[in-house]
file query06.cif (mmCIF, C-alpha atoms)
data_run
#
loop_
_atom_site.label_atom_id
_atom_site.label_comp_id
_atom_site.auth_asym_id
_atom_site.auth_seq_id
_atom_site.Cartn_x
_atom_site.Cartn_y
_atom_site.Cartn_z
CA MET A 26 26.43 -174.19 -80.01
CA ILE A 27 25.76 -170.47 -79.53
CA ALA A 28 27.94 -167.96 -81.39
CA LEU A 29 28.82 -164.84 -79.41
CA GLY A 30 30.25 -161.56 -80.62
CA SER A 31 30.59 -158.05 -79.29
CA ASP A 32 32.50 -154.84 -79.58
CA HIS A 33 34.08 -153.02 -76.65
CA GLY A 34 30.71 -151.52 -75.63
CA GLY A 35 29.15 -154.97 -75.35
CA PHE A 36 32.13 -156.82 -73.89
CA ALA A 37 31.08 -156.77 -70.22
CA LEU A 38 27.53 -157.92 -71.00
CA LYS A 39 28.88 -160.64 -73.30
CA GLU A 40 30.96 -161.95 -70.39
CA LYS A 41 27.86 -162.04 -68.16
CA ILE A 42 25.93 -163.90 -70.87
CA LYS A 43 28.78 -166.41 -71.15
CA ASP A 44 28.45 -167.02 -67.40
CA TYR A 45 24.69 -167.53 -67.85
CA LEU A 46 25.23 -169.99 -70.71
CA ASP A 47 27.85 -171.88 -68.71
CA ALA A 48 25.53 -172.10 -65.70
CA HIS A 49 22.86 -173.64 -67.93
CA GLY A 50 25.20 -176.07 -69.65
CA LEU A 51 24.90 -174.37 -73.03
CA GLU A 52 27.92 -174.57 -75.32
CA HIS A 53 29.13 -171.37 -76.89
CA ARG A 54 31.94 -169.97 -78.96
CA ASP A 55 33.20 -166.44 -78.47
CA PHE A 56 34.16 -164.71 -81.73
CA GLY A 57 35.45 -161.62 -79.91
CA CYS A 58 36.24 -159.02 -78.94
CA ALA A 59 38.65 -159.96 -76.17
CA ASP A 60 38.50 -156.87 -73.93
CA GLU A 61 37.15 -153.33 -73.65
CA SER A 62 39.70 -151.79 -76.02
CA SER A 63 38.08 -149.81 -78.81
CA CYS A 64 37.30 -152.03 -81.80
CA ASP A 65 35.02 -152.30 -84.83
CA TYR A 66 31.73 -154.17 -84.28
CA PRO A 67 31.31 -155.30 -87.93
CA VAL A 68 34.32 -157.60 -87.57
CA TYR A 69 32.75 -159.54 -84.69
CA ALA A 70 29.21 -159.41 -86.04
CA LYS A 71 30.42 -160.95 -89.29
CA ALA A 72 32.39 -163.72 -87.57
CA ALA A 73 29.47 -164.75 -85.34
CA ALA A 74 26.92 -164.43 -88.16
CA GLU A 75 28.99 -166.54 -90.55
CA ALA A 76 29.17 -169.27 -87.89
CA VAL A 77 25.37 -169.26 -87.67
CA ALA A 78 24.81 -169.06 -91.42
CA SER A 79 27.20 -171.98 -92.03
CA GLY A 80 25.51 -174.17 -89.42
CA GLN A 81 28.59 -174.29 -87.21
CA CYS A 82 26.44 -172.64 -84.53
CA SER A 83 22.68 -173.01 -84.22
CA ARG A 84 22.06 -169.51 -82.90
CA GLY A 85 24.00 -166.35 -82.21
CA ILE A 86 24.04 -163.43 -79.82
CA VAL A 87 25.78 -160.17 -80.67
CA ILE A 88 26.15 -157.10 -78.47
CA CYS A 89 27.24 -153.50 -78.82
CA THR A 90 26.25 -150.40 -76.85
CA THR A 91 22.84 -149.99 -78.52
CA GLY A 92 22.58 -153.25 -80.45
CA ILE A 93 21.78 -151.29 -83.59
CA GLY A 94 25.07 -151.31 -85.46
CA ILE A 95 25.95 -154.90 -84.65
CA SER A 96 22.48 -156.11 -85.71
CA ILE A 97 22.74 -154.26 -89.02
CA ALA A 98 26.16 -155.82 -89.63
CA ALA A 99 25.03 -159.34 -88.70
CA ASN A 100 22.05 -159.06 -91.05
CA LYS A 101 24.38 -158.46 -94.00
CA VAL A 102 25.39 -162.15 -93.85
CA LYS A 103 23.18 -164.26 -96.10
CA GLY A 104 20.97 -166.61 -94.10
CA VAL A 105 21.02 -164.56 -90.92
CA ARG A 106 17.90 -163.10 -89.35
CA CYS A 107 19.19 -161.03 -86.44
CA ALA A 108 16.63 -159.32 -84.22
CA LEU A 109 17.44 -156.47 -81.86
CA CYS A 110 15.39 -157.13 -78.73
CA THR A 111 14.93 -154.99 -75.64
CA ASP A 112 12.50 -157.20 -73.75
CA PRO A 113 11.50 -160.88 -73.50
CA LEU A 114 8.31 -160.42 -75.56
CA MET A 115 10.34 -159.19 -78.53
CA ALA A 116 12.65 -162.20 -78.11
CA GLU A 117 9.67 -164.54 -78.03
CA MET A 118 8.03 -163.06 -81.09
CA CYS A 119 11.22 -162.89 -83.18
CA ARG A 120 11.56 -166.63 -82.67
CA ARG A 121 7.87 -167.58 -82.98
CA HIS A 122 7.06 -165.50 -86.05
CA ASN A 123 10.39 -164.69 -87.73
CA ASP A 124 12.57 -167.71 -86.90
CA ALA A 125 15.34 -165.28 -85.93
CA ASN A 126 18.61 -167.16 -85.61
CA MET A 127 20.53 -164.32 -84.01
CA LEU A 128 19.76 -161.97 -81.16
CA ALA A 129 21.25 -158.49 -80.81
CA LEU A 130 21.40 -156.71 -77.47
CA GLY A 131 22.33 -153.18 -76.49
CA ALA A 132 24.50 -153.23 -73.38
CA GLY A 133 23.72 -149.56 -72.75
CA ILE A 134 19.99 -150.22 -73.11
CA VAL A 135 19.34 -153.44 -71.14
CA GLY A 136 20.97 -154.45 -67.89
CA ALA A 137 22.41 -157.87 -67.10
CA ASN A 138 19.28 -159.27 -65.42
CA LEU A 139 16.97 -158.24 -68.25
CA ALA A 140 19.50 -159.47 -70.81
CA GLU A 141 19.47 -162.91 -69.18
CA ARG A 142 15.67 -163.08 -69.45
CA ILE A 143 15.83 -162.00 -73.09
CA VAL A 144 18.51 -164.62 -73.85
CA GLU A 145 16.56 -167.35 -72.06
CA THR A 146 13.41 -166.52 -74.01
CA PHE A 147 15.31 -166.35 -77.31
CA LEU A 148 16.95 -169.73 -76.74
CA THR A 149 13.86 -171.58 -75.50
CA THR A 150 11.17 -170.30 -77.89
CA GLU A 151 10.47 -172.39 -80.99
CA PHE A 152 9.43 -171.18 -84.43
CA GLU A 153 5.68 -171.61 -85.05
CA GLY A 154 5.96 -172.31 -88.76
CA GLY A 155 2.64 -172.30 -90.62
CA ARG A 156 1.83 -168.96 -92.21
CA HIS A 157 5.03 -167.56 -90.69
CA ALA A 158 7.16 -170.06 -92.65
CA ARG A 159 5.82 -168.56 -95.88
CA ARG A 160 6.88 -165.09 -94.74
CA VAL A 161 10.33 -166.24 -93.66
CA ALA A 162 10.70 -167.89 -97.06
CA LEU A 163 9.84 -164.58 -98.72
CA ILE A 164 12.59 -162.93 -96.70
CA SER A 165 15.04 -165.63 -97.74
CA ASP A 166 14.04 -165.13 -101.38
CA MET A 167 15.13 -161.51 -101.08
CA GLU A 168 18.71 -162.74 -100.58
CA LYS A 169 18.82 -164.44 -103.97
#
call {"tool": "encode", "arguments": {"input": "query06.cif", "output": "C-alpha cells"}}
result
Amino acid sequence: MIALGSDHGGFALKEKIKDYLDAHGLEHRDFGCADESSCDYPVYAKAAAEAVASGQCSRGIVICTTGIGISIAANKVKGVRCALCTDPLMAEMCRRHNDANMLALGAGIVGANLAERIVETFLTTEFEGGRHARRVALISDMEK
C-alpha cells in the first residue's frame, strides 16, 4: 500500500499519480488534501508519514509546489526517510543507497510525465544493503 499526501499546490499531480498507480494495479491510500483549496502541508505530510512509519503503508509519496516543505515535514516522523527527487536517477539512488521509504515531489518543478517516471523508479528500485545498511542504521540511531 502506498500512502499519498499533498497540499493544494500538489493536489493535481497527486491525482495524476493516483491514476498511474491505479493503472498499474498498485494499492494506495490518500491522506489528503481533497481539493485545491489552500491548506497546510504539514498536516498531510504527517498523516502519510505516520502510515509509512507504522507499517500500515510500505512506501509514501508526498507532494507540494516545490516538494521542499512537505519533505521536511515528513522527515520529522520517526522512521521516515523522505527524499525529494527531481529526476529518476535521484529516485533510484535514494532507494539503492538510502532505503528511502517516502518520495517527495514538487508539482511546480516536475511535470506529470517526469513525475510518473520518478514514481516508477522509486517503487521498483530495491535497497542494496551492504555498506549502505550501516549508514542507514547510523541515521536511524540519530532518532533515538
call {"tool": "closest_residue", "arguments": {"input": "query06.cif", "among": "A:Ser83, A:Ser96, A:Ser63, A:Thr111", "to": "Val135 in chain A", "atoms": "only C-alpha atoms"}}
result
A:Thr111
call {"tool": "atom_distance", "arguments": {"input": "query06.cif", "atom1": "CA of Gly155 in chain A", "atom2": "CA of Glu141 in chain A"}}
result
28.8 Å
call {"tool": "residues_around", "arguments": {"input": "query06.cif", "residues": "Asn126 in chain A", "least_positions_apart": "6", "cutoff": "8 Å", "atoms": "all atoms listed in the file", "output": "PDB file with C-alpha atoms, in the coordinates of the input"}}
result
ATOM      1  CA  VAL A  77      25.370-169.260 -87.670  1.00  0.00           C
ATOM      2  CA  SER A  83      22.680-173.010 -84.220  1.00  0.00           C
ATOM      3  CA  ARG A  84      22.060-169.510 -82.900  1.00  0.00           C
ATOM      4  CA  GLY A  85      24.000-166.350 -82.210  1.00  0.00           C
ATOM      5  CA  VAL A 105      21.020-164.560 -90.920  1.00  0.00           C
ATOM      6  CA  ARG A 106      17.900-163.100 -89.350  1.00  0.00           C
ATOM      7  CA  CYS A 107      19.190-161.030 -86.440  1.00  0.00           C
ATOM      8  CA  ARG A 120      11.560-166.630 -82.670  1.00  0.00           C
TER       9      ARG A 120
END
call {"tool": "atom_distance", "arguments": {"input": "query06.cif", "atom1": "CA of Ala72 in chain A", "atom2": "CA of Glu40 in chain A"}}
result
17.3 Å
call {"tool": "atom_distance", "arguments": {"input": "query06.cif", "atom1": "CA of Met167 in chain A", "atom2": "CA of Ile97 in chain A"}}
result
16.0 Å
call {"tool": "resolve_selection", "arguments": {"input": "query06.cif", "expression": "the PyMOL selection byres ((chain A and resi 54) around 10)", "output": "PyMOL selection string"}}
result
chain A and resi 26-30+43+52-53+55-57+73+76+81-82+85
call {"tool": "write_last_selection", "arguments": {"input": "query06.cif", "atoms": "C-alpha atoms", "output": "PDB file, in the frame of the given file"}}
result
ATOM      1  CA  MET A  26      26.430-174.190 -80.010  1.00  0.00           C
ATOM      2  CA  ILE A  27      25.760-170.470 -79.530  1.00  0.00           C
ATOM      3  CA  ALA A  28      27.940-167.960 -81.390  1.00  0.00           C
ATOM      4  CA  LEU A  29      28.820-164.840 -79.410  1.00  0.00           C
ATOM      5  CA  GLY A  30      30.250-161.560 -80.620  1.00  0.00           C
ATOM      6  CA  LYS A  43      28.780-166.410 -71.150  1.00  0.00           C
ATOM      7  CA  GLU A  52      27.920-174.570 -75.320  1.00  0.00           C
ATOM      8  CA  HIS A  53      29.130-171.370 -76.890  1.00  0.00           C
ATOM      9  CA  ASP A  55      33.200-166.440 -78.470  1.00  0.00           C
ATOM     10  CA  PHE A  56      34.160-164.710 -81.730  1.00  0.00           C
ATOM     11  CA  GLY A  57      35.450-161.620 -79.910  1.00  0.00           C
ATOM     12  CA  ALA A  73      29.470-164.750 -85.340  1.00  0.00           C
ATOM     13  CA  ALA A  76      29.170-169.270 -87.890  1.00  0.00           C
ATOM     14  CA  GLN A  81      28.590-174.290 -87.210  1.00  0.00           C
ATOM     15  CA  CYS A  82      26.440-172.640 -84.530  1.00  0.00           C
ATOM     16  CA  GLY A  85      24.000-166.350 -82.210  1.00  0.00           C
TER      17      GLY A  85
END
call {"tool": "resolve_selection", "arguments": {"input": "query06.cif", "expression": "the PyMOL selection byres ((chain A and resi 71) around 9)", "output": "PDB file with C-alpha atoms, in the frame of the given file"}}
result
ATOM      1  CA  GLY A  30      30.250-161.560 -80.620  1.00  0.00           C
ATOM      2  CA  TYR A  66      31.730-154.170 -84.280  1.00  0.00           C
ATOM      3  CA  PRO A  67      31.310-155.300 -87.930  1.00  0.00           C
ATOM      4  CA  VAL A  68      34.320-157.600 -87.570  1.00  0.00           C
ATOM      5  CA  TYR A  69      32.750-159.540 -84.690  1.00  0.00           C
ATOM      6  CA  ALA A  70      29.210-159.410 -86.040  1.00  0.00           C
ATOM      7  CA  ALA A  72      32.390-163.720 -87.570  1.00  0.00           C
ATOM      8  CA  ALA A  73      29.470-164.750 -85.340  1.00  0.00           C
ATOM      9  CA  ALA A  74      26.920-164.430 -88.160  1.00  0.00           C
ATOM     10  CA  GLU A  75      28.990-166.540 -90.550  1.00  0.00           C
ATOM     11  CA  ALA A  76      29.170-169.270 -87.890  1.00  0.00           C
ATOM     12  CA  ILE A  95      25.950-154.900 -84.650  1.00  0.00           C
ATOM     13  CA  ALA A  98      26.160-155.820 -89.630  1.00  0.00           C
ATOM     14  CA  ALA A  99      25.030-159.340 -88.700  1.00  0.00           C
ATOM     15  CA  ASN A 100      22.050-159.060 -91.050  1.00  0.00           C
ATOM     16  CA  LYS A 101      24.380-158.460 -94.000  1.00  0.00           C
ATOM     17  CA  VAL A 102      25.390-162.150 -93.850  1.00  0.00           C
TER      18      VAL A 102
END
call {"tool": "resolve_selection", "arguments": {"input": "query06.cif", "expression": "the PyMOL selection byres ((chain A and resi 41) around 12)", "output": "ChimeraX atom specification"}}
result
/A:29,35-40,42-48,88,132,136-141,144
call {"tool": "write_last_selection", "arguments": {"input": "query06.cif", "atoms": "C-alpha atoms", "output": "compact mmCIF listing (two decimals), in the frame of the given file"}}
result
# COMPACT_ATOMS: atom_id res chain seq x y z
CA LEU A 29 28.82 -164.84 -79.41
CA GLY A 35 29.15 -154.97 -75.35
CA PHE A 36 32.13 -156.82 -73.89
CA ALA A 37 31.08 -156.77 -70.22
CA LEU A 38 27.53 -157.92 -71.00
CA LYS A 39 28.88 -160.64 -73.30
CA GLU A 40 30.96 -161.95 -70.39
CA ILE A 42 25.93 -163.90 -70.87
CA LYS A 43 28.78 -166.41 -71.15
CA ASP A 44 28.45 -167.02 -67.40
CA TYR A 45 24.69 -167.53 -67.85
CA LEU A 46 25.23 -169.99 -70.71
CA ASP A 47 27.85 -171.88 -68.71
CA ALA A 48 25.53 -172.10 -65.70
CA ILE A 88 26.15 -157.10 -78.47
CA ALA A 132 24.50 -153.23 -73.38
CA GLY A 136 20.97 -154.45 -67.89
CA ALA A 137 22.41 -157.87 -67.10
CA ASN A 138 19.28 -159.27 -65.42
CA LEU A 139 16.97 -158.24 -68.25
CA ALA A 140 19.50 -159.47 -70.81
CA GLU A 141 19.47 -162.91 -69.18
CA VAL A 144 18.51 -164.62 -73.85
call {"tool": "closest_residue", "arguments": {"input": "query06.cif", "among": "A:Glu145, A:Glu168, A:Asp32, A:Glu153", "to": "Ala59 in chain A", "atoms": "all atoms listed in the file"}}
result
A:Asp32
call {"tool": "closest_residue", "arguments": {"input": "query06.cif", "among": "A:Asp60, A:Val87, A:Lys103, A:Arg121", "to": "Arg156 in chain A", "atoms": "all atoms listed in the file"}}
result
A:Arg121
call {"tool": "residues_around", "arguments": {"input": "query06.cif", "residues": "Glu117 in chain A", "least_positions_apart": "5", "cutoff": "6 Å", "atoms": "only C-alpha atoms", "output": "PyMOL selection string"}}
result
chain A and resi 146-147+150
call {"tool": "closest_residue", "arguments": {"input": "query06.cif", "among": "A:Met118, A:Leu109, A:Ile143, A:Leu128", "to": "Ile86 in chain A", "atoms": "all atoms listed in the file"}}
result
A:Leu128
call {"tool": "closest_residue", "arguments": {"input": "query06.cif", "among": "A:Ala78, A:Ala162, A:Leu51, A:Cys64", "to": "His122 in chain A", "atoms": "all atoms listed in the file"}}
result
A:Ala162
call {"tool": "closest_residue", "arguments": {"input": "query06.cif", "among": "A:His33, A:Glu151, A:Gly104, A:Asp166", "to": "Cys89 in chain A", "atoms": "only C-alpha atoms"}}
result
A:His33
call {"tool": "decode", "arguments": {"input": "query06.cif", "residues": "range 30-149 of chain A", "atoms": "C-alpha atoms", "output": "CSV table (one decimal), in the first residue's frame"}}
result
chain,number,residue,atom,x,y,z
A,30,GLY,CA,-0.4,13.2,0.7
A,31,SER,CA,-0.3,16.7,-0.7
A,32,ASP,CA,-1.3,20.2,-0.1
A,33,HIS,CA,-3.2,22.4,-2.6
A,34,GLY,CA,-0.1,23.0,-4.7
A,35,GLY,CA,0.4,19.3,-5.2
A,36,PHE,CA,-3.2,18.2,-5.5
A,37,ALA,CA,-3.4,18.0,-9.3
A,38,LEU,CA,-0.2,16.0,-9.6
A,39,LYS,CA,-1.3,13.7,-6.7
A,40,GLU,CA,-4.5,12.9,-8.7
A,41,LYS,CA,-2.4,12.1,-11.8
A,42,ILE,CA,-0.1,9.8,-9.7
A,43,LYS,CA,-3.2,8.1,-8.3
A,44,ASP,CA,-4.3,7.4,-11.9
A,45,TYR,CA,-0.8,6.0,-12.6
A,46,LEU,CA,-1.0,3.7,-9.5
A,47,ASP,CA,-4.4,2.5,-10.4
A,48,ALA,CA,-3.3,1.7,-14.0
A,49,HIS,CA,-0.5,-0.4,-12.6
A,50,GLY,CA,-2.7,-2.2,-10.0
A,51,LEU,CA,-0.9,-0.6,-7.1
A,52,GLU,CA,-3.0,0.0,-3.9
A,53,HIS,CA,-2.8,3.4,-2.3
A,54,ARG,CA,-4.4,5.4,0.4
A,55,ASP,CA,-4.9,9.2,0.0
A,56,PHE,CA,-4.4,11.1,3.2
A,57,GLY,CA,-5.4,14.4,1.7
A,58,CYS,CA,-5.9,17.1,0.8
A,59,ALA,CA,-9.2,16.8,-1.0
A,60,ASP,CA,-9.1,19.7,-3.4
A,61,GLU,CA,-7.1,22.8,-4.4
A,62,SER,CA,-8.3,24.9,-1.5
A,63,SER,CA,-5.5,26.5,0.5
A,64,CYS,CA,-4.3,24.2,3.2
A,65,ASP,CA,-1.3,23.4,5.4
A,66,TYR,CA,1.1,20.7,4.0
A,67,PRO,CA,2.4,19.6,7.4
A,68,VAL,CA,-1.0,18.1,8.2
A,69,TYR,CA,-0.9,15.8,5.2
A,70,ALA,CA,2.8,15.1,5.3
A,71,LYS,CA,2.4,13.9,8.9
A,72,ALA,CA,-0.6,11.7,8.1
A,73,ALA,CA,1.1,9.9,5.2
A,74,ALA,CA,4.4,9.6,7.0
A,75,GLU,CA,2.8,8.1,10.1
A,76,ALA,CA,1.2,5.5,7.9
A,77,VAL,CA,4.6,4.6,6.5
A,78,ALA,CA,6.4,4.6,9.9
A,79,SER,CA,3.7,2.4,11.4
A,80,GLY,CA,3.9,-0.2,8.6
A,81,GLN,CA,0.3,0.5,7.5
A,82,CYS,CA,1.8,1.5,4.2
A,83,SER,CA,5.1,0.2,2.7
A,84,ARG,CA,6.0,3.5,1.0
A,85,GLY,CA,4.7,7.0,0.7
A,86,ILE,CA,4.6,9.8,-1.8
A,87,VAL,CA,4.0,13.4,-0.8
A,88,ILE,CA,3.7,16.5,-3.0
A,89,CYS,CA,3.6,20.3,-2.6
A,90,THR,CA,4.6,23.0,-5.0
A,91,THR,CA,8.4,22.6,-4.6
A,92,GLY,CA,8.5,19.4,-2.6
A,93,ILE,CA,10.7,21.1,0.0
A,94,GLY,CA,8.3,21.9,2.8
A,95,ILE,CA,6.4,18.6,2.6
A,96,SER,CA,9.6,16.6,2.6
A,97,ILE,CA,10.9,18.5,5.7
A,98,ALA,CA,7.6,17.8,7.5
A,99,ALA,CA,7.5,14.1,6.5
A,100,ASN,CA,11.1,13.7,7.8
A,101,LYS,CA,10.0,14.8,11.3
A,102,VAL,CA,8.2,11.5,11.8
A,103,LYS,CA,10.5,8.9,13.4
A,104,GLY,CA,11.3,6.1,11.0
A,105,VAL,CA,10.7,8.1,7.8
A,106,ARG,CA,13.4,8.7,5.2
A,107,CYS,CA,11.7,11.0,2.7
A,108,ALA,CA,13.8,12.0,-0.3
A,109,LEU,CA,12.9,15.0,-2.6
A,110,CYS,CA,13.6,13.8,-6.1
A,111,THR,CA,13.6,15.8,-9.4
A,112,ASP,CA,14.7,13.0,-11.7
A,113,PRO,CA,14.6,9.2,-12.0
A,114,LEU,CA,18.3,8.9,-11.0
A,115,MET,CA,17.7,10.6,-7.7
A,116,ALA,CA,14.8,8.3,-7.1
A,117,GLU,CA,17.0,5.2,-7.9
A,118,MET,CA,19.8,6.3,-5.7
A,119,CYS,CA,17.6,7.3,-2.7
A,120,ARG,CA,16.2,3.7,-2.8
A,121,ARG,CA,19.5,1.9,-3.6
A,122,HIS,CA,21.7,3.7,-1.1
A,123,ASN,CA,19.4,5.3,1.5
A,124,ASP,CA,16.4,2.9,1.6
A,125,ALA,CA,14.1,6.0,1.4
A,126,ASN,CA,10.6,4.9,2.3
A,127,MET,CA,9.0,8.2,1.1
A,128,LEU,CA,9.3,10.2,-2.0
A,129,ALA,CA,8.6,14.0,-2.2
A,130,LEU,CA,7.8,15.7,-5.4
A,131,GLY,CA,7.4,19.4,-6.4
A,132,ALA,CA,4.4,19.8,-8.6
A,133,GLY,CA,5.8,23.2,-9.8
A,134,ILE,CA,9.2,21.6,-10.6
A,135,VAL,CA,8.4,18.3,-12.4
A,136,GLY,CA,5.6,17.7,-14.8
A,137,ALA,CA,3.3,14.8,-14.8
A,138,ASN,CA,5.3,12.6,-17.3
A,139,LEU,CA,8.5,13.1,-15.4
A,140,ALA,CA,6.8,12.5,-12.1
A,141,GLU,CA,5.5,9.2,-13.4
A,142,ARG,CA,9.0,8.1,-14.3
A,143,ILE,CA,10.3,9.2,-10.9
A,144,VAL,CA,7.5,7.3,-9.1
A,145,GLU,CA,8.0,4.2,-11.2
A,146,THR,CA,11.8,4.2,-10.4
A,147,PHE,CA,11.1,4.9,-6.7
A,148,LEU,CA,8.7,2.0,-6.4
A,149,THR,CA,10.7,-0.6,-8.4
